[in-house]
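**Q** Below you will find the structure I want to go over with you.
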Amino acid sequence: MKRFFSNPYSYSYVLLVLLLLSGFFMVFLMTTDETFSGEMDQILQLKEAYTFTTWEPPLFNYLSVKWEQGGLVLPSYSQKGDFRGILIIGEGELTFNPPNEKNPLKTSISSAYFPLNENSWDHLKVELKQTASILPDKVRNKANDMLKDRKLLYFSIYLFGYQRNYIPADKEGLALFHDNQGLWVKYQEYDTIKFQKKGEKVISYDNPLKANPFPKNVIISKVTIITTIFFFMILLLTLMLTVEIFPYRKWEFISNESHHPSNLYLFSIFVLFAVSQIILKDNFHWYGYTINLSLFLLAVIPYLSQRNGWKYIGFSFYHPLKQIVVVLSLSIIFQMAGSLQWPKEMSLPPWGMFFWQFLKTYFFIALIQELYWRIVVQNTLERLLNKWWALFITTFFISVIQFTVNTFEGMMSSTELYLQSFLIAPAGFFVIGLLFIRTRSILSTSLLASLLILLPKWLQY
C-alpha cells in the first residue's frame with residue numbers, strides 16, 4: 001500500500017476518484033433540495049408601481065407602520081421572475097411596541113422593504129392603485145439603496161467571495177427600513193423579537209406568540225455540510241495538481257541551512273502585523289501602504305544576504321507553468337463553489353484601472369499578508385513543530401483575526417459570525433496554506449489570494 005501511494009500517478013488517480021465522488025454527492029444534495037446552498041445575492045427587478053394616500057399594512061404583532069402622506073409601493077422580483085417582497089417609498093412612522101413594555105419606540109422612516117409571499121401581496125394590493133412603471137431617478141436610486149441593504153435581513157454567508165442568502169420559506173416576519181438620515185433599521189418577529197438601528201445594540205425579546213426560529217437549525221446544518229464538501233473537493237484538487245512541484249526534503253535542507261532571526265523578533269513582527277490588520281481592515285490609504293511596506297522590510301531583511309534566503313521566504317517559482325495552471329484551476333473552482341453557476345461574462349475595468357487593481361491587490365494586500373502568515377508564522381511553526389501542526393495553527397490564528405475584525409464591524413449575527421470566522425474563512429486559508437507547503441512559493445499563493453479577491457468583482461452572473 002505504501003508503495004502504491006508513493007507512486008505520484010497512483011496517488012493522483014485515487015485523489016481524482018475521491019474528487020469525482022464528492023462532486024456527484026454535492027450535485028445529488030443540490031438537486032434533491034434547492035435550498036441546500038442558499039441563493040446568491042442578486043439585484044431584484046422592479047416591474048410595476050402602485051400609489052397610496054394613506055396606508056397601514058397589518059404585517060406584524062408588535063410593530064406598526066403608518067404612511068399618512070402618500071407614497072409608492074414597488075413589488076420586487078428575482079431574476080427568474082419569482083415574487084420576493086414589496087418596497088415602499090414615502091415618509092412614514094414606525095412604532096415598536098415590545099411585549100410587557102409601556103414605552104413604545106418611534107422612528108420616522110423614508111423607505112421600507114417587506115419580504116412577502118405572493119398570496120399576502122395579493123391581499124394587500126387591493127387597497128392600492130397601479131400607476132406607470134417608469135420611476136423618477138431619485139425614487140429609483142432610493143429603491144436601489146434599500147434593495148442593496150435587504151441582505152441584512154437574512155441569514156447570510158460569504159462563500160469564497162460570494163454572498164449567499166438563506167431566505168425563510170414563508171418570507172414573512174422580517175422588515176427593513178431607512179430612516180430620514182439614511183440609516184437602516186431592521187426588525188425580526190419569529191421566536192425572538194429583534195429591533196435594531198444601525199450602530200446600536202439589538203433590542204431582543206422572547207416572542208409569546210410564535211415558536212418557529214430563524215435561522216432554523218437545519219439551515220445551519222446545510223451551511224456546514226456544503227462548506228465542508230466544497231473544502232474537501234478543493235483540498236483534493238490542490239493535492240492532485242501539486243504533486244512533485246517542490247520536494248519537502250529540499251525545503252528542509254534550505255530551512256536548516258538558513259540563519260533565522262530570534263523567535264522574539266519574529267513574534268514582535270507578527271504582533272505588529274496582526275494589530276495593523278485589525279485596525280486597517282483592508283481599507284488602505286497611503287499610511288496603510290507605508291505601514292505594510294515597513295513591516296514587509298522588517299520580515300525579509302534578515303534573509304536577503306543569505307544564499308537560499310530568497311527560497312526560504314518563498315520567492316521561488318519552480319515549474320512556473322504548472323504553478324500557474326494550479327492557481328488558475330483553484331481560482332476557478334473557488335468561484336464555482338461560491339457562485340454555484342458559470343459566469344455569463346467577465347466585466348473588466350479599463351486597462352489602466354485593471355492593472356492598478358491587480359498590482360495593488362497583489363503587492364500591497366495578498367503578497368504582504370502571505371509573507372507574514374506563511375513565512376513569519378507558518379515557516380517558524382514548521383521549524384519548531386511539523387508542517388501539519390504549522391498549517392493548522394496558522395489557519396487558527398488567521399481565523400481569530402477574522403473573528404476579531406468581523407466582531408468589530410458588528411454586521412453579522414452570532415451564528416453567522418462563528419460560521420464565517422471558524423468554518424468558511426479557515427477553509428480557504430487552509431487551502432492557500434497547503435498550496436504553500438506544496439509549492440514553497442508565496443508568489444503562487446499571493447496570486448491565488450489576489451484572484452479570490454478580484455474575480456468576484458469582475459465576473460458577471
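Labels used: A, B, ... for chains in the order of the C-alpha cells, numbers from 1 for residues in each chain, and numbers from 1 for ligands as shown.
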With only C-alpha atoms as the counted atoms, please give the residues lying no more than 10 Å from Tyr265 (chain A), apart from itself and same-chain residues fewer than 6 positions off, as a list in words.
**A**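 The neighbour list is Leu298, Ala299 and Val376 of chain A.
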**Q** Would you mind listing what lies within 12 Å of Lys216 (chain A) as a PyMOL selection string, with only C-alpha atoms counted and same-chain residues fewer than 6 positions away left out?
**A** chain A and resi 154-155+166-169+190-191+222-223+415
**Q** List the spatial neighbours of Thr53 (chain A) as a list of chain:residue names - criterion: any atom at most 8 Å away, only C-alpha atoms, same-chain residues fewer than 3 positions off excluded.
**A**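 Contacts, in chain order: A:Trp67, A:Glu68, A:Gln69, A:Gly70, A:Gly71.
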**Q** Contacts of region 229-231 of chain A at 9 Å or less, counting only C-alpha atoms, minus same-chain residues fewer than 2 places along, as a list in words?
**A** Ser22, Gly23, Phe25, Met26, Thr224, Ile225, Ile226, Thr227, Met233, Ile234, Leu235, Leu236, Phe334, Ala337, Ile424, Ala427, Gly428 and Val431 of chain A
**Q** Would you pick out the contacts of region 79-91 of chain A at 7 Å or less, using only C-alpha atoms, so that residues sharing its chain but fewer than 4 positions from it are not included, and give the list as a ChimeraX atom specification?
**A** /A:44-45,67,69-75,109-118
**Q** Per residue of region 217-318 of chain A within 9 Å of region 381-401 of chain A, record the nearest atom pair and its distance in Å to one decimal, counting only C-alpha atoms, with rows in chain order and ascending residue number, as a tab-separated table.
**A**
residue	atom	partner	partner_atom	distance
A:Glu252	CA	A:Arg383	CA	8.7
A:Ser255	CA	A:Arg383	CA	7.7
A:Asn256	CA	A:Arg383	CA	8.6
A:Ala274	CA	A:Ile401	CA	7.1
A:Val275	CA	A:Ile401	CA	8.9
A:Gln277	CA	A:Ile401	CA	7.8
A:Ile278	CA	A:Ile401	CA	6.9
**Q** So that I have them on file, write out the residues from the current selection with C-alpha atoms, as a CSV table (one decimal), in the first residue's frame.
**A**
chain,number,residue,atom,x,y,z
A,252,GLU,CA,14.0,21.0,5.0
A,255,SER,CA,15.4,25.7,6.3
A,256,ASN,CA,18.3,24.0,8.2
A,274,ALA,CA,-1.9,41.4,13.4
A,275,VAL,CA,-2.7,44.7,15.1
A,277,GLN,CA,-4.7,44.1,10.0
A,278,ILE,CA,-7.4,44.6,12.7
**Q** Calculated over only C-alpha atoms, which of the candidates A:Lys129, A:His178, A:Arg140, A:Arg150 has the smallest distance to Ser108 (chain A)?
**A**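 Closest residue, counting only C-alpha atoms: A:His178.
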**Q** Neighbours of Ile453 (chain A) within 8 Å (only C-alpha atoms; same-chain residues fewer than 3 positions away dropped), as a ChimeraX atom specification?
**A** /A:161,361,449-450,456-457
**Q** May I have the residues from that selection written out with all heavy atoms, as a CSV table (one decimal), in the first residue's frame?
**A**
chain,number,residue,atom,x,y,z
A,161,GLY,N,-16.0,34.6,-1.4
A,161,GLY,CA,-16.2,35.9,-2.1
A,161,GLY,C,-17.6,36.2,-2.6
A,161,GLY,O,-17.8,37.2,-3.1
A,361,THR,N,-3.7,44.9,-5.3
A,361,THR,CA,-4.2,43.8,-4.5
A,361,THR,C,-3.1,42.8,-4.4
A,361,THR,O,-2.9,42.2,-3.3
A,361,THR,CB,-5.4,43.1,-5.3
A,361,THR,OG1,-6.4,44.0,-5.5
A,361,THR,CG2,-5.9,41.9,-4.5
A,449,ALA,N,-4.6,34.3,-3.8
A,449,ALA,CA,-5.3,35.1,-2.9
A,449,ALA,C,-5.8,36.4,-3.6
A,449,ALA,O,-7.0,36.8,-3.4
A,449,ALA,CB,-4.4,35.6,-1.7
A,450,SER,N,-5.0,36.9,-4.6
A,450,SER,CA,-5.5,38.1,-5.3
A,450,SER,C,-6.7,37.8,-6.2
A,450,SER,O,-7.6,38.6,-6.3
A,450,SER,CB,-4.3,38.6,-6.2
A,450,SER,OG,-3.2,39.0,-5.4
A,456,PRO,N,-14.6,37.8,-8.0
A,456,PRO,CA,-16.0,38.1,-7.7
A,456,PRO,C,-16.4,39.5,-8.1
A,456,PRO,O,-17.6,39.7,-8.4
A,456,PRO,CB,-16.1,37.9,-6.2
A,456,PRO,CG,-15.0,37.0,-5.8
A,456,PRO,CD,-13.9,37.3,-6.8
A,457,LYS,N,-15.5,40.4,-8.2
A,457,LYS,CA,-15.8,41.8,-8.7
A,457,LYS,C,-15.9,41.9,-10.2
A,457,LYS,O,-16.6,42.7,-10.8
A,457,LYS,CB,-14.7,42.8,-8.2
A,457,LYS,CG,-14.6,42.8,-6.7
A,457,LYS,CD,-13.5,43.8,-6.3
A,457,LYS,CE,-13.3,43.8,-4.8
A,457,LYS,NZ,-12.2,44.7,-4.4
**Q** Env of Asp149 (chain A): 9 Å cut, atoms = only C-alpha atoms, seq-sep filter 5 positions within chain, self excluded. Answer as a ChimeraX atom specification.
**A** /A:144,176,184
**Q** Give me, please, the distance in Å between CA of Lys197 (chain A) and CA of Ser221 (chain A), quoted to one decimal.
**A**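 Interatomic distance here is 29.1 Å.
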**Q** Find, counting only C-alpha atoms, the residue in A:Thr51, A:Ser120, A:Ser339, A:Ser276 that gets nearest to Val405 (chain A).
**A**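 Of A:Thr51, A:Ser120, A:Ser339, A:Ser276, the one nearest Val405 (chain A), counting only C-alpha atoms, is A:Ser276.
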**Q** Rank nothing, just name the residue among A:Leu46, A:Leu63, A:Gly92, A:Lys186 nearest to Ala143 (chain A), using only C-alpha atoms.
**A** A:Leu46
**Q** Go ahead and compute the interatomic distance for CA of Thr242 (chain A) and CA of Lys322 (chain A), in Å to one decimal.
**A**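 A separation of 8.2 Å between them.
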**Q** Would you mind writing down, as JSON, numbers by chain, each residue of region 116-352 of chain A that DSSP on the backbone assigns to strand (DSSP E)?
**A** {"A": [129, 130, 131, 155, 156, 157, 158, 159, 162, 163, 164, 165, 166, 174, 175, 176, 177, 178, 179, 184, 185, 186, 187, 188, 189, 192, 193, 194, 195, 196, 197, 203, 204, 205, 206, 345, 346]}
**Q** Next, write the just-selected residues to a file, as a compact mmCIF listing (two decimals), in the first residue's frame, keeping N, CA and C atoms as the atom set.
**A**
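What landed in result_17.txt:
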# COMPACT_ATOMS: atom_id res chain seq x y z
N LYS A 129 -53.44 51.59 -5.85
CA LYS A 129 -53.79 51.96 -7.21
C LYS A 129 -52.54 51.83 -8.08
N GLN A 130 -52.63 51.03 -9.14
CA GLN A 130 -51.47 50.84 -10.01
C GLN A 130 -51.22 52.09 -10.84
N THR A 131 -49.94 52.38 -11.03
CA THR A 131 -49.56 53.56 -11.79
C THR A 131 -48.50 53.18 -12.81
N PHE A 155 -30.27 35.29 6.91
CA PHE A 155 -29.09 34.57 7.36
C PHE A 155 -28.18 34.41 6.14
N SER A 156 -26.98 34.97 6.22
CA SER A 156 -26.11 35.03 5.05
C SER A 156 -24.72 34.52 5.38
N ILE A 157 -24.07 33.98 4.37
CA ILE A 157 -22.67 33.61 4.47
C ILE A 157 -21.94 34.17 3.27
N TYR A 158 -20.64 34.38 3.42
CA TYR A 158 -19.79 34.78 2.30
C TYR A 158 -18.95 33.58 1.93
N LEU A 159 -19.36 32.90 0.88
CA LEU A 159 -18.72 31.65 0.48
C LEU A 159 -17.69 31.95 -0.62
N TYR A 162 -18.50 35.21 -2.40
CA TYR A 162 -19.88 35.39 -2.87
C TYR A 162 -20.85 35.29 -1.70
N GLN A 163 -21.73 36.27 -1.62
CA GLN A 163 -22.73 36.22 -0.55
C GLN A 163 -23.88 35.32 -0.96
N ARG A 164 -24.24 34.41 -0.06
CA ARG A 164 -25.37 33.51 -0.28
C ARG A 164 -26.37 33.72 0.85
N ASN A 165 -27.62 34.01 0.47
CA ASN A 165 -28.67 34.29 1.43
C ASN A 165 -29.57 33.07 1.61
N TYR A 166 -29.88 32.78 2.85
CA TYR A 166 -30.84 31.72 3.18
C TYR A 166 -32.14 32.39 3.60
N LEU A 174 -40.08 39.57 8.72
CA LEU A 174 -38.89 40.41 8.61
C LEU A 174 -39.25 41.75 7.98
N ALA A 175 -38.51 42.79 8.33
CA ALA A 175 -38.72 44.11 7.73
C ALA A 175 -37.45 44.92 7.85
N LEU A 176 -37.21 45.77 6.85
CA LEU A 176 -36.05 46.65 6.85
C LEU A 176 -36.52 48.06 6.50
N PHE A 177 -35.97 49.05 7.19
CA PHE A 177 -36.36 50.44 6.98
C PHE A 177 -35.12 51.31 6.83
N HIS A 178 -35.29 52.44 6.15
CA HIS A 178 -34.30 53.51 6.16
C HIS A 178 -34.94 54.72 6.84
N ASP A 179 -34.24 55.27 7.83
CA ASP A 179 -34.79 56.46 8.47
C ASP A 179 -34.46 57.70 7.65
N TRP A 184 -30.16 52.33 8.36
CA TRP A 184 -31.11 51.22 8.33
C TRP A 184 -31.62 50.87 9.72
N VAL A 185 -32.83 50.36 9.74
CA VAL A 185 -33.46 49.81 10.94
C VAL A 185 -34.03 48.46 10.54
N LYS A 186 -33.67 47.40 11.23
CA LYS A 186 -34.21 46.09 10.86
C LYS A 186 -35.00 45.48 12.01
N TYR A 187 -35.99 44.66 11.60
CA TYR A 187 -36.93 44.09 12.57
C TYR A 187 -37.16 42.63 12.24
N GLN A 188 -37.23 41.79 13.28
CA GLN A 188 -37.48 40.36 13.13
C GLN A 188 -38.53 39.93 14.13
N GLU A 189 -39.48 39.14 13.68
CA GLU A 189 -40.55 38.66 14.56
C GLU A 189 -40.76 37.16 14.34
N THR A 192 -37.96 34.95 18.53
CA THR A 192 -37.49 36.14 19.24
C THR A 192 -37.88 37.38 18.45
N ILE A 193 -38.12 38.46 19.15
CA ILE A 193 -38.42 39.75 18.54
C ILE A 193 -37.16 40.59 18.64
N LYS A 194 -36.64 41.02 17.49
CA LYS A 194 -35.41 41.79 17.48
C LYS A 194 -35.61 43.10 16.73
N PHE A 195 -35.17 44.18 17.36
CA PHE A 195 -35.27 45.51 16.78
C PHE A 195 -33.89 46.15 16.89
N GLN A 196 -33.35 46.63 15.76
CA GLN A 196 -32.01 47.19 15.79
C GLN A 196 -31.87 48.34 14.81
N LYS A 197 -31.27 49.42 15.29
CA LYS A 197 -30.86 50.52 14.43
C LYS A 197 -29.37 50.41 14.16
N ILE A 203 -32.17 45.17 20.31
CA ILE A 203 -33.17 45.04 21.38
C ILE A 203 -33.91 43.73 21.12
N SER A 204 -33.88 42.82 22.08
CA SER A 204 -34.39 41.47 21.85
C SER A 204 -35.35 41.05 22.95
N TYR A 205 -36.44 40.35 22.54
CA TYR A 205 -37.44 39.83 23.47
C TYR A 205 -37.87 38.44 23.01
N ASP A 206 -38.26 37.62 23.95
CA ASP A 206 -38.91 36.36 23.60
C ASP A 206 -40.31 36.66 23.08
N GLU A 345 -20.27 36.49 -18.23
CA GLU A 345 -19.22 37.27 -18.88
C GLU A 345 -18.27 37.81 -17.83
N MET A 346 -17.15 38.34 -18.29
CA MET A 346 -16.20 38.99 -17.40
C MET A 346 -16.20 40.48 -17.71
**Q** Give the answer as one residue: which of A:Leu135, A:Ile442, A:Leu419, A:Val27 has the shortest atom-to-atom distance to Ala49 (chain A), using only C-alpha atoms?
**A**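 Comparing A:Leu135, A:Ile442, A:Leu419, A:Val27 against Ala49 (chain A), the winner is A:Leu135.
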